[in-house]
Amino acid sequence: MQQLVLDIVAAPPPCFDNFVTATNTELVQAICAMVTEHNHDPQLYLWGASGSGKTHLLQACVHLAHTRGNTAVYLDAIDFSSADNLTFDVIAIDNVELLDAANQIKLFNLINQVREGKGRLICAGLVAPMQLALRIDLTTRLGWGLIYQIHSLSEADKLSVLSKHAQARGFNLDSAVADYLIHHWRRDLPSLIAALDSLDHYSLQTQRPITVPLLKEALA
């Protein structure tokens, strides 16, 4: 049971409040403006390496739309094929590089629908539109709207966030503990923060300080 300690506290639901902007300020401002219709372009494409935060941002868009009373949906490429009703105010589609031939046509038609003024569309992929191994007419349309590269947080950024989060919980995080966590656990920030919360609970439960040996025991 103790070995599952880091699964006890789930990562918080993705929203803009718990996204660490770092060097992505312009992207976050643009994507928020599009969802809130303060940006007239109805289409945005963001790209970046796995774990850079693309999924978090897409789901944050859906969360923001819902708080404003709008309809919104997040769809991974795998789920896109089974989505029949796409008449939402905001549609977020992840991992577009995985779309098969039929769903590439479906996204092509959806982009045309959005350009006609029916909803807003945010898509995400690993690379820029013209580098996607998809139909050329689709990659061209994905490039019609705003395009942003999302930059991954540096290790220093993650260490800083984890340290501040620990202070907010009432303890000082040893740099060796943070470094070990970053290199031996899932590297996305929500998972790291959830792991730190669980480790704090485990520390209180066992009445032991948060050290690398305690963390190793929890990860065993």
# chains A, B, ... in the order shown; residues from 1 in each chain; ligands from 1

call {"tool": "residues_around", "arguments": {"residues": "A:Thr139", "least_positions_apart": "6", "cutoff": "7 Å", "atoms": "only C-alpha atoms", "output": "PyMOL selection string"}}
result
chain A and resi 129-130+132

call {"tool": "select_by_dssp", "arguments": {"residues": "stretch 104-198 of chain A", "states": "strand (DSSP E)", "output": "PyMOL selection string"}}
result
chain A and resi 120-125+146-149

call {"tool": "write_last_selection", "arguments": {"atoms": "all heavy atoms", "output": "mmCIF file, in the first residue's frame"}}
result
data_model
loop_
_atom_site.group_PDB
_atom_site.id
_atom_site.type_symbol
_atom_site.label_atom_id
_atom_site.label_comp_id
_atom_site.auth_asym_id
_atom_site.auth_seq_id
_atom_site.Cartn_x
_atom_site.Cartn_y
_atom_site.Cartn_z
ATOM 1 N N ARG A 120 -14.843 27.750 -32.605
ATOM 2 C CA ARG A 120 -13.415 28.053 -32.564
ATOM 3 C C ARG A 120 -12.644 26.764 -32.390
ATOM 4 O O ARG A 120 -13.095 25.856 -31.690
ATOM 5 C CB ARG A 120 -13.115 29.049 -31.441
ATOM 6 C CG ARG A 120 -13.876 30.341 -31.653
ATOM 7 C CD ARG A 120 -13.318 31.523 -30.910
ATOM 8 N NE ARG A 120 -13.782 32.738 -31.585
ATOM 9 C CZ ARG A 120 -13.030 33.795 -31.818
ATOM 10 N NH1 ARG A 120 -11.772 33.799 -31.438
ATOM 11 N NH2 ARG A 120 -13.519 34.846 -32.434
ATOM 12 N N LEU A 121 -11.483 26.675 -33.015
ATOM 13 C CA LEU A 121 -10.744 25.424 -33.088
ATOM 14 C C LEU A 121 -9.300 25.613 -32.643
ATOM 15 O O LEU A 121 -8.604 26.510 -33.110
ATOM 16 C CB LEU A 121 -10.777 24.892 -34.529
ATOM 17 C CG LEU A 121 -9.980 23.632 -34.824
ATOM 18 C CD1 LEU A 121 -10.569 22.431 -34.084
ATOM 19 C CD2 LEU A 121 -9.961 23.364 -36.335
ATOM 20 N N ILE A 122 -8.863 24.752 -31.702
ATOM 21 C CA ILE A 122 -7.474 24.717 -31.278
ATOM 22 C C ILE A 122 -6.956 23.311 -31.540
ATOM 23 O O ILE A 122 -7.539 22.331 -31.067
ATOM 24 C CB ILE A 122 -7.314 25.049 -29.779
ATOM 25 C CG1 ILE A 122 -8.023 26.357 -29.429
ATOM 26 C CG2 ILE A 122 -5.843 25.118 -29.404
ATOM 27 C CD1 ILE A 122 -9.320 26.153 -28.704
ATOM 28 N N CYS A 123 -5.886 23.204 -32.303
ATOM 29 C CA CYS A 123 -5.275 21.908 -32.585
ATOM 30 C C CYS A 123 -3.845 21.891 -32.070
ATOM 31 O O CYS A 123 -3.200 22.936 -31.958
ATOM 32 C CB CYS A 123 -5.267 21.621 -34.091
ATOM 33 S SG CYS A 123 -6.909 21.424 -34.814
ATOM 34 N N ALA A 124 -3.348 20.697 -31.772
ATOM 35 C CA ALA A 124 -1.981 20.566 -31.279
ATOM 36 C C ALA A 124 -1.306 19.356 -31.902
ATOM 37 O O ALA A 124 -1.933 18.331 -32.162
ATOM 38 C CB ALA A 124 -1.979 20.443 -29.758
ATOM 39 N N GLY A 125 -0.007 19.497 -32.134
ATOM 40 C CA GLY A 125 0.790 18.404 -32.682
ATOM 41 C C GLY A 125 2.234 18.514 -32.245
ATOM 42 O O GLY A 125 2.629 19.484 -31.592
ATOM 43 N N LEU A 146 -3.510 31.189 -36.289
ATOM 44 C CA LEU A 146 -2.344 31.497 -35.475
ATOM 45 C C LEU A 146 -1.553 30.221 -35.205
ATOM 46 O O LEU A 146 -2.131 29.158 -35.005
ATOM 47 C CB LEU A 146 -2.777 32.118 -34.144
ATOM 48 C CG LEU A 146 -3.565 33.439 -34.239
ATOM 49 C CD1 LEU A 146 -4.130 33.808 -32.876
ATOM 50 C CD2 LEU A 146 -2.661 34.553 -34.775
ATOM 51 N N ILE A 147 -0.230 30.315 -35.205
ATOM 52 C CA ILE A 147 0.638 29.174 -34.950
ATOM 53 C C ILE A 147 1.631 29.552 -33.861
ATOM 54 O O ILE A 147 2.293 30.596 -33.950
ATOM 55 C CB ILE A 147 1.402 28.740 -36.213
ATOM 56 C CG1 ILE A 147 0.443 28.388 -37.344
ATOM 57 C CG2 ILE A 147 2.317 27.556 -35.909
ATOM 58 C CD1 ILE A 147 1.137 28.121 -38.660
ATOM 59 N N TYR A 148 1.720 28.702 -32.844
ATOM 60 C CA TYR A 148 2.674 28.954 -31.757
ATOM 61 C C TYR A 148 3.414 27.678 -31.399
ATOM 62 O O TYR A 148 2.814 26.600 -31.338
ATOM 63 C CB TYR A 148 1.952 29.455 -30.500
ATOM 64 C CG TYR A 148 1.500 30.890 -30.577
ATOM 65 C CD1 TYR A 148 0.205 31.205 -30.995
ATOM 66 C CD2 TYR A 148 2.352 31.935 -30.239
ATOM 67 C CE1 TYR A 148 -0.221 32.515 -31.070
ATOM 68 C CE2 TYR A 148 1.938 33.253 -30.306
ATOM 69 C CZ TYR A 148 0.652 33.532 -30.722
ATOM 70 O OH TYR A 148 0.234 34.841 -30.798
ATOM 71 N N GLN A 149 4.698 27.816 -31.150
ATOM 72 C CA GLN A 149 5.461 26.714 -30.577
ATOM 73 C C GLN A 149 5.444 26.860 -29.060
ATOM 74 O O GLN A 149 5.685 27.946 -28.526
ATOM 75 C CB GLN A 149 6.909 26.729 -31.062
ATOM 76 C CG GLN A 149 7.747 25.596 -30.474
ATOM 77 C CD GLN A 149 9.193 25.633 -30.933
ATOM 78 O OE1 GLN A 149 9.629 26.587 -31.595
ATOM 79 N NE2 GLN A 149 9.953 24.605 -30.597
#

call {"tool": "closest_atom_pairs", "arguments": {"of": "stretch 49-89 of chain A", "to": "stretch 24-44 of chain A", "cutoff": "10 Å", "atoms": "only C-alpha atoms", "output": "tab-separated table"}}
result
residue	atom	partner	partner_atom	distance
A:Leu57	CA	A:Val28	CA	8.1
A:Leu58	CA	A:Ile31	CA	9.1
A:Ala60	CA	A:Cys32	CA	9.2
A:Cys61	CA	A:Val35	CA	6.6
A:Val62	CA	A:Val35	CA	8.4
A:Leu64	CA	A:Val35	CA	7.5
A:Ala65	CA	A:Val35	CA	6.4
A:Arg68	CA	A:Thr36	CA	8.1
A:Asn70	CA	A:Val35	CA	9.5
A:Ala72	CA	A:Val35	CA	9.8
A:Asp89	CA	A:Val35	CA	8.7

call {"tool": "closest_residue", "arguments": {"among": "A:Ile111, A:Leu199, A:Ala101, A:Leu142", "to": "A:Glu217", "atoms": "only C-alpha atoms"}}
result
A:Leu199

call {"tool": "closest_residue", "arguments": {"among": "A:Gly117, A:Asp197, A:Val73, A:Asp17", "to": "A:Gln167", "atoms": "only C-alpha atoms"}}
result
A:Asp197

call {"tool": "decode", "arguments": {"residues": "stretch 99-164 of chain A", "atoms": "C-alpha atoms", "output": "CSV table (one decimal), in the first residue's frame"}}
result
chain,number,residue,atom,x,y,z
A,99,LEU,CA,-5.1,11.2,-37.6
A,100,ASP,CA,-5.8,8.5,-40.2
A,101,ALA,CA,-6.9,9.3,-43.7
A,102,ALA,CA,-10.6,9.4,-43.0
A,103,ASN,CA,-10.1,11.7,-40.0
A,104,GLN,CA,-7.8,14.0,-41.9
A,105,ILE,CA,-10.8,14.6,-44.2
A,106,LYS,CA,-13.0,15.1,-41.2
A,107,LEU,CA,-10.6,17.7,-39.7
A,108,PHE,CA,-10.3,19.4,-43.2
A,109,ASN,CA,-14.1,19.8,-43.2
A,110,LEU,CA,-14.2,21.0,-39.6
A,111,ILE,CA,-11.6,23.7,-40.4
A,112,ASN,CA,-13.8,24.9,-43.2
A,113,GLN,CA,-16.8,25.0,-40.8
A,114,VAL,CA,-14.9,27.0,-38.3
A,115,ARG,CA,-13.6,29.5,-41.0
A,116,GLU,CA,-17.3,30.0,-41.9
A,117,GLY,CA,-17.9,31.3,-38.4
A,118,LYS,CA,-19.1,28.2,-36.6
A,119,GLY,CA,-17.1,27.8,-33.4
A,120,ARG,CA,-13.4,28.1,-32.6
A,121,LEU,CA,-10.7,25.4,-33.1
A,122,ILE,CA,-7.5,24.7,-31.3
A,123,CYS,CA,-5.3,21.9,-32.6
A,124,ALA,CA,-2.0,20.6,-31.3
A,125,GLY,CA,0.8,18.4,-32.7
A,126,LEU,CA,4.4,17.5,-32.2
A,127,VAL,CA,5.7,19.6,-35.1
A,128,ALA,CA,4.7,22.7,-37.1
A,129,PRO,CA,1.9,22.3,-39.6
A,130,MET,CA,4.0,22.0,-42.8
A,131,GLN,CA,6.1,19.3,-41.1
A,132,LEU,CA,3.2,17.0,-40.4
A,133,ALA,CA,3.0,13.8,-42.4
A,134,LEU,CA,-0.6,14.6,-43.3
A,135,ARG,CA,-2.5,15.6,-46.5
A,136,ILE,CA,-1.0,18.8,-47.9
A,137,ASP,CA,-4.4,20.5,-48.1
A,138,LEU,CA,-4.9,19.8,-44.4
A,139,THR,CA,-1.5,21.0,-43.3
A,140,THR,CA,-2.1,24.1,-45.4
A,141,ARG,CA,-5.4,24.8,-43.6
A,142,LEU,CA,-3.8,24.1,-40.2
A,143,GLY,CA,-1.4,26.9,-41.0
A,144,TRP,CA,-4.2,29.4,-41.9
A,145,GLY,CA,-4.7,30.5,-38.3
A,146,LEU,CA,-2.3,31.5,-35.5
A,147,ILE,CA,0.6,29.2,-35.0
A,148,TYR,CA,2.7,29.0,-31.8
A,149,GLN,CA,5.5,26.7,-30.6
A,150,ILE,CA,5.2,25.8,-26.9
A,151,HIS,CA,8.5,25.7,-25.1
A,152,SER,CA,9.1,23.1,-22.5
A,153,LEU,CA,9.9,24.2,-19.0
A,154,SER,CA,13.6,24.1,-18.2
A,155,GLU,CA,14.7,21.9,-15.3
A,156,ALA,CA,15.5,25.1,-13.4
A,157,ASP,CA,11.9,26.3,-13.9
A,158,LYS,CA,10.5,23.0,-12.5
A,159,LEU,CA,12.8,23.1,-9.5
A,160,SER,CA,11.7,26.7,-8.8
A,161,VAL,CA,8.0,25.8,-9.0
A,162,LEU,CA,8.4,22.7,-6.8
A,163,SER,CA,10.3,24.7,-4.2
A,164,LYS,CA,7.6,27.4,-4.1
